[in-house]
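Listing of target-v4.txt; format and content: compact mmCIF, C-alpha atoms.
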# COMPACT_ATOMS: atom_id res chain seq x y z
CA MET A 28 188.91 56.96 159.19
CA SER A 29 186.11 55.21 157.29
CA ASN A 30 182.78 54.43 158.86
CA ALA A 31 183.47 50.70 158.48
CA GLN A 32 186.75 51.05 160.35
CA LYS A 33 185.07 53.07 163.13
CA ILE A 34 182.42 50.41 163.59
CA LEU A 35 184.98 47.60 163.58
CA ASP A 36 187.08 49.52 166.14
CA LYS A 37 184.03 50.01 168.34
CA ILE A 38 183.12 46.31 168.16
CA LYS A 39 186.68 45.24 168.89
CA GLY A 40 187.22 47.90 171.57
CA ASP A 41 184.04 46.97 173.44
CA GLN A 42 184.68 43.26 172.79
CA ILE A 43 181.17 42.79 171.45
CA GLN A 44 180.53 39.19 170.43
CA PRO A 45 177.73 37.83 168.26
CA ASN A 46 175.06 36.04 170.32
CA PRO A 47 175.47 32.25 170.07
CA ARG A 48 173.36 30.56 167.41
CA TRP A 49 171.65 28.26 169.91
CA THR A 50 169.97 31.21 171.65
CA TYR A 51 167.97 31.91 168.47
CA THR A 52 167.03 28.27 167.95
CA TYR A 53 166.12 27.93 171.61
CA LYS A 54 163.91 31.03 171.59
CA GLU A 55 162.13 29.92 168.44
CA TRP A 56 161.46 26.45 169.87
CA LEU A 57 160.30 27.95 173.13
CA LYS A 58 157.69 30.05 171.34
CA TRP A 59 156.39 27.05 169.38
CA ILE A 60 156.33 24.84 172.47
CA ALA A 61 154.44 27.58 174.33
CA TYR A 62 151.98 27.73 171.42
CA ILE A 63 151.38 23.97 171.55
CA VAL A 64 150.99 23.98 175.34
CA PHE A 65 148.56 26.92 175.26
CA ILE A 66 146.51 25.27 172.52
CA GLY A 67 146.49 22.07 174.60
CA ILE A 68 145.22 23.85 177.70
CA GLY A 69 142.63 25.74 175.66
CA SER A 70 141.46 22.46 174.13
CA MET A 71 141.04 20.87 177.55
CA ALA A 72 139.05 23.89 178.73
CA PHE A 73 136.82 23.59 175.70
CA SER A 74 136.30 19.88 176.32
CA VAL A 75 135.12 20.61 179.88
CA ILE A 76 132.73 23.24 178.50
CA LEU A 77 131.28 20.54 176.24
CA PHE A 78 131.11 18.20 179.22
CA SER A 79 129.37 20.91 181.22
CA ILE A 80 126.76 21.34 178.51
CA SER A 81 126.22 17.59 178.37
CA VAL A 82 125.83 17.42 182.16
CA ASN A 83 123.68 20.48 182.81
CA GLY A 84 121.76 20.84 179.59
CA PHE A 85 121.12 24.41 178.62
CA ASP A 86 117.45 23.68 177.84
CA LEU A 87 116.97 24.30 181.57
CA VAL A 88 117.21 28.01 180.84
CA GLN A 89 113.67 28.17 179.48
CA HIS A 90 112.26 26.66 182.69
CA PHE A 91 113.93 29.05 185.06
CA LYS A 92 111.81 31.72 186.61
CA HIS A 93 114.80 34.06 186.52
CA SER A 94 115.58 36.09 183.45
CA VAL A 95 116.91 33.94 180.64
CA TRP A 96 120.26 35.77 180.67
CA GLU A 97 120.72 35.35 184.39
CA SER A 98 119.93 31.66 184.14
CA PHE A 99 122.27 31.29 181.19
CA LEU A 100 125.12 32.92 183.13
CA VAL A 101 124.50 30.62 186.08
CA LEU A 102 124.86 27.63 183.82
CA LEU A 103 127.94 28.90 181.99
CA PRO A 104 131.18 27.28 183.13
CA ILE A 105 132.81 30.70 183.60
CA LEU A 106 136.08 29.30 184.92
CA TRP A 107 136.61 27.07 181.88
CA LEU A 108 135.37 29.67 179.46
CA SER A 109 137.83 32.22 180.88
CA THR A 110 140.58 29.61 180.67
CA LEU A 111 139.76 28.95 177.02
CA VAL A 112 139.76 32.65 176.12
CA PHE A 113 142.95 33.37 178.09
CA PHE A 114 144.93 30.53 176.53
CA LEU A 115 143.61 31.23 173.05
CA GLY A 116 144.94 34.77 173.44
CA ALA A 117 148.23 33.53 174.86
CA SER A 118 148.67 31.03 172.02
CA VAL A 119 148.14 33.71 169.38
CA ILE A 120 150.55 36.11 171.11
CA SER A 121 153.11 33.33 171.36
CA VAL A 122 152.88 32.22 167.74
CA MET A 123 152.95 35.81 166.48
CA GLN A 124 156.45 36.11 167.98
CA THR A 125 157.82 33.25 165.88
CA GLY A 126 160.10 33.91 162.91
CA ARG A 127 157.76 33.96 159.92
CA ALA A 128 154.40 34.43 161.65
CA TYR A 129 154.11 37.97 160.32
CA LYS A 130 153.40 36.50 156.89
CA TYR A 131 149.87 35.81 158.06
CA THR A 132 147.36 38.17 159.62
CA LEU A 133 146.28 38.10 163.24
CA GLY A 134 142.85 36.94 162.06
CA LYS A 135 144.33 33.90 160.34
CA TRP A 136 146.35 32.88 163.39
CA LEU A 137 143.32 33.40 165.62
CA SER A 138 141.16 31.28 163.31
CA LEU A 139 143.79 28.53 163.29
CA SER A 140 144.07 28.57 167.09
CA ILE A 141 140.30 28.50 167.57
CA GLY A 142 139.98 25.69 165.02
CA LEU A 143 142.70 23.62 166.70
CA SER A 144 141.31 24.19 170.21
CA LEU A 145 137.78 23.25 169.18
CA THR A 146 138.87 20.15 167.26
CA LEU A 147 141.25 18.86 169.91
CA GLY A 148 138.80 19.79 172.68
CA THR A 149 136.01 17.85 171.00
CA LEU A 150 138.30 14.82 170.62
CA PHE A 151 139.29 15.09 174.27
CA PHE A 152 135.63 15.27 175.29
CA VAL A 153 134.62 12.34 173.09
CA THR A 154 137.39 10.15 174.48
CA GLY A 155 136.33 10.86 178.07
CA GLY A 156 139.21 13.18 178.89
CA ALA A 157 136.94 16.01 179.99
CA LYS A 158 135.16 13.83 182.54
CA TRP A 159 138.50 12.65 183.92
CA LEU A 160 139.83 16.21 184.08
CA GLU A 161 136.72 17.50 185.81
CA HIS A 162 136.90 14.68 188.31
CA THR A 163 140.59 15.38 188.96
CA PHE A 164 139.80 19.00 189.71
CA GLU A 165 136.86 18.04 191.89
CA THR A 166 138.88 15.62 194.01
CA ASN A 167 142.07 17.66 194.29
CA ILE A 168 140.94 21.26 194.55
CA GLU A 169 138.88 22.06 197.62
CA SER A 170 137.46 25.35 196.36
CA TYR A 171 136.56 23.99 192.94
CA GLU A 172 132.82 23.73 192.36
CA SER A 173 132.36 20.61 190.26
CA LEU A 174 129.85 20.45 187.45
CA LEU A 175 127.93 17.88 189.50
CA GLU A 176 127.75 20.26 192.46
CA LYS A 177 126.64 23.00 190.13
CA LYS A 178 124.06 20.73 188.57
CA THR A 179 122.84 19.66 192.01
CA ALA A 180 122.59 23.28 193.14
CA ILE A 181 120.72 24.32 190.00
CA TRP A 182 118.26 21.42 190.33
CA SER A 183 117.66 21.97 194.04
CA GLN A 184 115.81 25.29 193.94
CA PRO A 185 112.11 24.49 194.53
CA ASN A 186 111.24 28.18 194.87
CA LEU A 187 112.67 28.74 191.41
CA GLY A 188 110.89 25.70 189.99
CA THR A 189 113.53 22.97 190.07
CA LEU A 190 113.77 19.87 192.21
CA SER A 191 115.66 16.61 191.94
CA GLY A 192 116.43 13.49 193.91
CA GLU A 193 115.62 9.82 194.36
CA VAL A 194 112.16 8.33 193.93
CA GLN A 195 111.00 6.80 197.23
CA ASP A 196 107.52 5.76 196.22
CA SER A 197 104.94 6.19 193.48
CA ILE A 198 101.21 6.17 194.24
CA GLY A 199 98.71 7.18 191.52
CA ASP A 200 99.20 10.86 190.69
CA THR A 201 101.73 11.34 193.46
CA ILE A 202 105.34 10.37 193.95
CA ILE A 203 107.50 10.66 197.01
CA LEU A 204 110.94 12.08 196.38
CA LYS A 205 113.96 12.43 198.64
CA ASP A 206 116.13 15.39 197.59
CA TRP A 207 119.93 15.45 197.89
CA LYS A 208 119.79 16.99 201.37
CA GLY A 209 117.52 14.22 202.59
CA ALA A 210 114.23 16.18 202.66
CA VAL A 211 111.20 14.15 201.57
CA TRP A 212 108.84 15.78 199.05
CA THR A 213 105.35 14.97 197.85
CA ILE A 214 105.17 15.54 194.11
CA HIS A 215 101.87 15.93 192.27
CA ILE A 216 102.20 14.57 188.75
CA LYS A 217 98.71 15.12 187.35
CA ASN A 218 98.98 16.57 183.77
CA THR A 219 102.74 16.34 184.02
CA HIS A 220 104.87 15.73 180.96
CA ILE A 221 107.01 12.73 181.83
CA ALA A 222 109.87 12.05 179.44
CA PRO A 223 109.62 8.56 177.89
CA SER A 224 113.01 7.64 179.30
CA VAL A 225 111.90 8.32 182.88
CA ASP A 226 111.37 5.34 185.15
CA LEU A 227 109.50 6.28 188.32
CA SER A 228 110.40 3.06 190.11
CA ILE A 229 111.78 3.31 193.63
CA GLY A 230 115.44 4.23 193.73
CA ASN A 231 115.60 5.99 190.35
CA LEU A 232 117.00 9.51 190.07
CA ILE A 233 114.95 12.26 188.42
CA LYS A 234 114.88 16.01 187.93
CA ILE A 235 111.72 18.05 187.89
CA ASN A 236 110.52 21.43 186.65
CA GLY A 237 107.41 22.80 188.29
CA ASN A 238 106.15 24.88 191.23
CA ALA A 239 106.53 24.56 194.97
CA LEU A 240 103.10 24.43 196.62
CA GLY A 241 104.40 24.24 200.18
CA ASP A 242 107.50 23.45 202.18
CA THR A 243 107.56 19.82 200.97
CA ILE A 244 104.85 19.77 198.31
CA PHE A 245 105.69 20.32 194.66
CA HIS A 246 103.68 20.31 191.46
CA ALA A 247 105.65 18.78 188.58
CA GLU A 248 105.25 20.15 185.05
CA LYS A 249 108.01 18.13 183.50
CA ILE A 250 110.02 15.15 184.74
CA ARG A 251 113.25 13.93 183.20
CA PRO A 252 115.89 11.40 184.23
CA TRP A 253 118.65 12.87 186.40
CA GLY A 254 121.37 11.51 184.11
CA GLY A 255 124.78 10.73 185.56
CA SER A 256 125.98 10.30 189.11
CA PRO A 257 123.74 11.15 192.09
CA GLY A 258 123.64 14.80 193.09
CA LYS A 259 126.30 16.12 195.42
CA CYS A 260 125.90 18.85 198.02
CA LYS A 261 128.86 20.52 199.73
CA MET B 19 195.57 48.52 163.43
CA PRO B 20 195.76 48.18 159.64
CA SER B 21 192.67 49.21 157.67
CA PHE B 22 190.55 46.49 156.15
CA ARG B 23 191.05 46.20 152.40
CA SER B 24 187.66 46.64 150.77
CA ASP B 25 188.71 44.66 147.70
CA ALA B 26 188.55 41.55 149.91
CA CYS B 27 184.75 41.87 149.69
CA VAL B 28 184.57 41.75 145.91
CA GLY B 29 182.74 38.71 144.58
CA LEU B 30 181.54 37.48 147.97
CA SER B 31 177.92 36.35 148.24
CA ASP B 32 175.76 37.51 151.13
CA LYS B 33 176.06 34.10 152.77
CA GLU B 34 179.84 34.12 152.44
CA ILE B 35 180.06 37.62 153.91
CA ILE B 36 178.17 36.38 156.97
CA GLN B 37 180.22 33.20 157.28
CA PHE B 38 183.55 34.99 156.86
CA SER B 39 182.51 37.74 159.29
CA LEU B 40 181.80 35.17 161.97
CA GLN B 41 185.27 33.70 161.43
CA ASP B 42 187.09 37.00 161.05
CA ILE B 43 185.50 40.20 162.30
CA ASP B 44 187.35 42.26 159.67
CA PHE B 45 185.05 40.81 157.03
CA PHE B 46 182.17 42.54 158.78
CA ALA B 47 183.49 45.69 157.10
CA CYS B 48 182.07 44.21 153.87
CA VAL B 49 178.58 44.42 155.38
CA VAL B 50 179.19 48.01 156.48
CA LEU B 51 180.66 49.04 153.13
CA LYS B 52 177.85 47.39 151.20
CA TYR B 53 175.00 48.91 153.19
CA GLU B 54 176.09 52.11 154.93
CA GLN B 55 175.04 54.54 152.20
CA ARG B 56 171.70 52.89 151.49
CA LEU B 57 170.87 52.53 155.16
CA SER B 58 171.90 56.07 155.96
CA SER B 59 169.64 57.35 153.21
CA TYR B 60 166.79 55.07 154.31
CA ILE B 61 167.10 56.14 157.94
CA GLN B 62 166.95 59.79 156.97
CA LYS B 63 163.94 59.26 154.74
CA ILE B 64 161.81 57.43 157.25
CA SER B 65 162.79 59.55 160.22
CA GLN B 66 163.80 62.83 158.60
CA SER B 67 166.74 62.84 160.94
CA THR B 68 169.83 64.93 160.44
CA GLU B 69 172.97 63.43 158.95
CA ALA B 70 174.59 63.24 162.39
CA GLU B 71 171.56 61.57 163.96
CA ALA B 72 171.37 59.12 161.08
CA GLN B 73 175.04 58.25 161.62
CA ASP B 74 174.38 57.51 165.29
CA ILE B 75 171.43 55.30 164.42
CA LEU B 76 173.48 53.64 161.69
CA GLN B 77 176.32 52.80 164.05
CA GLU B 78 173.90 51.28 166.57
CA ALA B 79 172.21 49.37 163.76
CA PHE B 80 175.50 47.86 162.57
CA ILE B 81 176.43 46.85 166.09
CA LYS B 82 173.03 45.18 166.43
CA ILE B 83 173.55 43.44 163.10
CA TRP B 84 176.92 42.19 164.34
CA LYS B 85 175.44 40.94 167.62
CA ASN B 86 172.67 39.13 165.79
CA LEU B 87 174.75 37.73 162.96
CA ASN B 88 174.11 34.17 164.13
CA GLY B 89 170.39 34.86 164.08
CA PHE B 90 170.31 35.69 160.38
CA ASP B 91 167.34 33.89 158.91
CA GLU B 92 168.57 32.40 155.66
CA ARG B 93 165.04 32.30 154.28
CA LEU B 94 165.27 36.09 154.04
CA SER B 95 167.59 38.04 151.78
CA LEU B 96 170.45 39.66 153.68
CA ASP B 97 169.14 42.94 152.30
CA SER B 98 165.72 42.52 153.96
CA TRP B 99 167.21 41.33 157.23
CA ILE B 100 169.62 44.27 157.46
CA PHE B 101 166.95 46.80 156.51
CA ARG B 102 164.69 45.28 159.19
CA ILE B 103 167.28 45.81 161.90
CA ALA B 104 168.03 49.34 160.70
CA HIS B 105 164.31 50.06 160.59
CA ASN B 106 163.76 48.80 164.14
CA GLU B 107 166.74 50.74 165.38
CA THR B 108 165.45 53.92 163.74
CA ILE B 109 161.99 53.47 165.22
CA SER B 110 163.28 52.83 168.73
CA PHE B 111 165.65 55.80 168.48
CA TRP B 112 162.89 58.11 167.36
CA ARG B 113 160.22 56.87 169.71
CA LYS B 114 162.13 58.73 172.35
CA LYS B 115 161.43 61.94 170.43
CA THR B 116 157.97 63.43 170.29
CA SER B 117 158.12 65.33 167.01
CA PHE B 118 158.81 62.33 164.85
CA GLY B 119 159.40 63.73 161.37
CA LYS B 120 157.17 66.75 161.66
CA ASP B 121 158.11 70.03 159.99
CA LYS B 122 161.05 68.43 158.25
CA ILE B 123 161.83 68.41 154.55
CA VAL B 124 162.61 65.11 152.93
CA SER B 125 165.17 65.02 150.16
CA THR B 126 163.85 63.18 147.15
CA ASP B 127 164.98 61.85 143.84
CA ASN B 128 163.23 63.27 140.76
CA GLU B 129 162.94 60.00 138.88
CA LYS B 130 161.53 58.23 141.90
CA ILE B 131 159.00 60.98 142.46
CA LYS B 132 157.77 60.39 138.92
CA TYR B 133 157.45 56.72 139.75
CA LEU B 134 155.59 57.40 142.98
CA LEU B 135 153.18 59.73 141.21
CA SER B 136 152.84 57.65 138.10
CA ASP B 137 149.09 57.02 138.34
CA GLU B 138 147.24 58.51 135.41
CA GLU B 139 145.17 60.85 137.56
CA ILE B 140 148.26 62.65 138.75
CA SER B 141 150.69 62.02 135.96
CA ASP B 142 150.03 65.43 134.51
CA PHE B 143 151.77 67.09 137.45
CA ASP B 144 154.90 68.89 136.62
CA LEU B 145 157.89 67.74 138.60
CA GLU B 146 158.07 70.87 140.70
CA GLN B 147 154.48 70.34 141.77
CA ALA B 148 155.20 66.72 142.52
CA GLU B 149 158.24 67.57 144.60
CA ASN B 150 156.22 70.13 146.45
CA ILE B 151 153.62 67.50 147.30
CA ILE B 152 156.22 65.00 148.43
CA GLU B 153 157.98 67.54 150.60
CA LYS B 154 154.75 68.65 152.21
CA ILE B 155 152.98 65.40 152.64
CA LEU B 156 155.56 62.65 153.16
CA PRO B 157 156.95 63.97 156.46
CA SER B 158 153.39 64.49 157.72
CA LEU B 159 152.25 60.94 157.04
CA LYS B 160 151.88 58.49 159.88
CA GLN B 161 154.96 56.35 160.32
CA GLU B 162 153.24 53.21 159.01
CA TYR B 163 152.36 54.89 155.69
CA ARG B 164 155.60 56.80 155.30
CA GLU B 165 157.78 53.71 155.73
CA VAL B 166 155.95 51.65 153.08
CA LEU B 167 156.12 54.52 150.60
CA VAL B 168 159.82 55.04 151.22
CA LEU B 169 160.57 51.34 150.87
CA LYS B 170 158.42 50.87 147.79
CA TYR B 171 159.16 53.99 145.80
CA LEU B 172 162.41 55.36 147.09
CA GLU B 173 164.19 52.08 147.94
CA ASP B 174 162.61 50.02 145.13
CA LYS B 175 161.65 47.14 147.42
CA SER B 176 159.12 44.50 146.40
CA TYR B 177 155.99 43.82 148.48
CA GLU B 178 157.62 40.63 149.78
CA GLU B 179 160.77 42.49 150.83
CA ILE B 180 158.71 45.21 152.53
CA SER B 181 156.75 42.50 154.30
CA ASP B 182 160.02 40.95 155.54
CA ILE B 183 161.49 44.27 156.63
CA LEU B 184 158.44 45.57 158.47
CA LYS B 185 157.24 42.13 159.60
CA ILE B 186 153.72 42.65 158.34
CA PRO B 187 151.68 40.56 155.85
CA GLU B 188 152.01 41.49 152.18
CA GLY B 189 148.30 42.29 152.07
CA THR B 190 148.81 44.92 154.74
CA VAL B 191 151.73 46.37 152.76
CA ALA B 192 149.46 46.69 149.71
CA THR B 193 146.67 48.29 151.74
CA ARG B 194 148.98 50.86 153.28
CA ILE B 195 150.55 51.74 149.95
CA ASN B 196 147.13 52.18 148.37
CA ARG B 197 145.90 54.38 151.19
CA ALA B 198 149.03 56.51 151.13
CA LYS B 199 148.86 56.87 147.35
CA LYS B 200 145.22 57.91 147.59
CA ALA B 201 146.27 60.53 150.10
CA PHE B 202 148.71 61.92 147.55
CA LYS B 203 145.97 62.02 144.93
CA SER B 204 143.48 63.73 147.20
CA PHE B 205 146.15 66.23 148.23
CA SER B 206 146.48 67.23 144.58
CA HIS B 207 142.80 68.16 144.65
CA GLY B 208 143.24 70.27 147.72
CA LYS B 209 141.86 67.62 150.06
CA ILE B 210 143.62 65.19 152.32
CA ASP B 211 142.63 62.07 154.20
CA THR B 212 143.62 63.17 157.68
CA SER B 213 143.38 59.65 159.08
CA ILE B 214 146.78 58.82 157.63
CA LEU B 215 148.50 61.93 158.92
CA ASN B 216 150.58 62.20 162.03
As C-alpha cells, how would this structure be written, given the file I've shared?
Amino acid sequence: MSNAQKILDKIKGDQIQPNPRWTYTYKEWLKWIAYIVFIGIGSMAFSVILFSISVNGFDLVQHFKHSVWESFLVLLPILWLSTLVFFLGASVISVMQTGRAYKYTLGKWLSLSIGLSLTLGTLFFVTGGAKWLEHTFETNIESYESLLEKKTAIWSQPNLGTLSGEVQDSIGDTIILKDWKGAVWTIHIKNTHIAPSVDLSIGNLIKINGNALGDTIFHAEKIRPWGGSPGKCK
Amino acid sequence: MPSFRSDACVGLSDKEIIQFSLQDIDFFACVVLKYEQRLSSYIQKISQSTEAEAQDILQEAFIKIWKNLNGFDERLSLDSWIFRIAHNETISFWRKKTSFGKDKIVSTDNEKIKYLLSDEEISDFDLEQAENIIEKILPSLKQEYREVLVLKYLEDKSYEEISDILKIPEGTVATRINRAKKAFKSFSHGKIDTSILN
C-alpha cells in the first residue's frame, strides 16, 4: 500500500476534518485587535506620564535634599510607566504572532509600537484625554494616588525643603501661608527668587523651595506658582 | 477501498490541488505524492532521523497539513507552506529527544556539496574532503544553522522561501547562512567557531 493511501486511510478512519476557514480568519483578527488595544492602552499610559511631568515638574529634583535618584524615583509615575512597558511588550508579542510578522525583525516591530504609543499618547495628552483619565482613576479607584495627591505630598515636606499652600497675608519680607493641612506658616522671603509669574496676593496658591527654621517658620529660596487645582491631602 | 489514481493529479496547480482536496479527500493524495519524497529527505537531513522515524514524522506532518488546509496562506507558495509544517513537526518531534542530531551521519549529494563549498577559499577541496567536512560538521551544528544550510544548499530554496518556511526575516536567514559557511571555512583550517555548534 502506498504512503499516500495509508495517510488517506488514516484520515478517513479517524474522521479527521480540516479546521474551518473562519477559525484562521478569527485568530488573525484577534491578534490584530489585541495589538491595537494594547497600543491604545500603552498610549494612554504615556499620555498620563506626560501629564504627570506637566503637573509635577521634574525640575523639583534639583531642589530636593534627598539624593537626585531617590527624588527622581519619587516623582516617576511608576504605575503608568509599568503599564506602558507591559502593554508595549504585549503589543509586540501579539503582532509577532500574526501571519506575516516574521518578515520584520523584533526591533522593527518594537520601534513601530513605541512610535505609535508615543505619537498617540502625545495626541491624547494634548487633547486633554490624560487629565480626564487621571481624574477618572482618582474619583473611581480608592487606592489610586492621584498626581495631585502626589504633587501635594511632594510639596508638603518642610523638613526636606518644600512647602506649598495659599497666601494668607504679605507684609514686607514676610508672607503668611496656610498649607494644605491648615497649618499657618511664616515665610521669610528676603533674598528669595520669586518667579515673575508669582502673585503674592491673598488667596493665591504657591509652592516654595527653602529651609524650615522652626515648626511654622520657613525661609524661602525660590517661590513659584502652584499651577493647577489646589493641593489635596488624603 | 479503491486506490487513488495518481494520474488525476497531473496538470493540477497547487491552488487546484488544495481546492479539490477540500471537496474530495482523495485529491489530498496529490499533495502526498508530490511532497513525500522531498519532505522525507528534508526531515532526515535536518534531524538526522532514521527512515522509520522520518516516516512517522512525515505521516504526522501530512495529517497536520490536512487539518490546516483551510489555513493555507495564498501569499505563500504551497511548497513553502508545506515545508514549514513539516519543519515544525520535525522540531516538535525531536525536541522530545535530547541528542538531537548528534553523532549521526548525514547523507549528502556530491553536486550539492560542491555548491555548498563553492567559495574560492575552499573550492580547492577535493570532494572526499568536502564530504568528510559535511559529515562531521553538519550534524554538529546548532539546529538554527543546520536548517538554513539544508534548505539553501540541499533543498535549493531561495532566501525568501527559507524565510517563509522558518518564519524568520530574510536578513536573519542571510546572517545564519554566512555564519554557518564561515564555520565550514574555519573547519578546513583546523579551527571551528564553537558558538554555532550544538
Inset, instruction - Pull out every residue of chain B sitting within 10 Å of chain A, counting all atoms listed in the file, and send them as a ChimeraX atom specification. - result: /B:19-22,24,40,43-52,54,73,76-78,80-91,93-94,178,181-182,184-190
Legend entry - Non-local contacts of Phe101 in chain B (10 Å; only C-alpha atoms; under 6 positions in same chain excluded) as a VMD selection string: chain B and resid 53 56 to 57 60 to 61 79 83 95 107 169 179 to 180 182 to 184
Legend entry - Interatomic distance, CA of Leu227 in chain A to CA of Thr201 in chain A (Å, one decimal): 10.6 Å
Determine, counting only C-alpha atoms, which protein, DNA and RNA residues have an atom within 6 Å of an atom of range 136-144 of chain A; residues of the same chain fewer than 4 positions away are not included. Present the result as a CSV table (one decimal) with C-alpha atoms, in the frame of the given file.
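To be explicit, this is the file written out as result_25.csv:
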chain,number,residue,atom,x,y,z
A,66,ILE,CA,146.5,25.3,172.5
A,69,GLY,CA,142.6,25.7,175.7
A,70,SER,CA,141.5,22.5,174.1
A,148,GLY,CA,138.8,19.8,172.7
Inset, instruction - Tell me, in Å to one decimal, how far CA of Asn106 in chain B is from CA of Ala70 in chain B. - result: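 Value for the CA of Asn106 in chain B-CA of Ala70 in chain B distance: 18.1 Å.
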Inset, instruction - To one decimal in Å, tell me the separation between CA of Thr179 in chain A and CA of Gly237 in chain A. - result: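 The value is 16.2 Å.
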Inset, instruction - Find the residue from A:Met123, A:Ile229, A:Ile244, A:Leu103 that sits nearest to Lys135 in chain A; use all atoms listed in the file when measuring. - result: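 Looking at the shortest contact to Lys135 in chain A, the residue is A:Met123.
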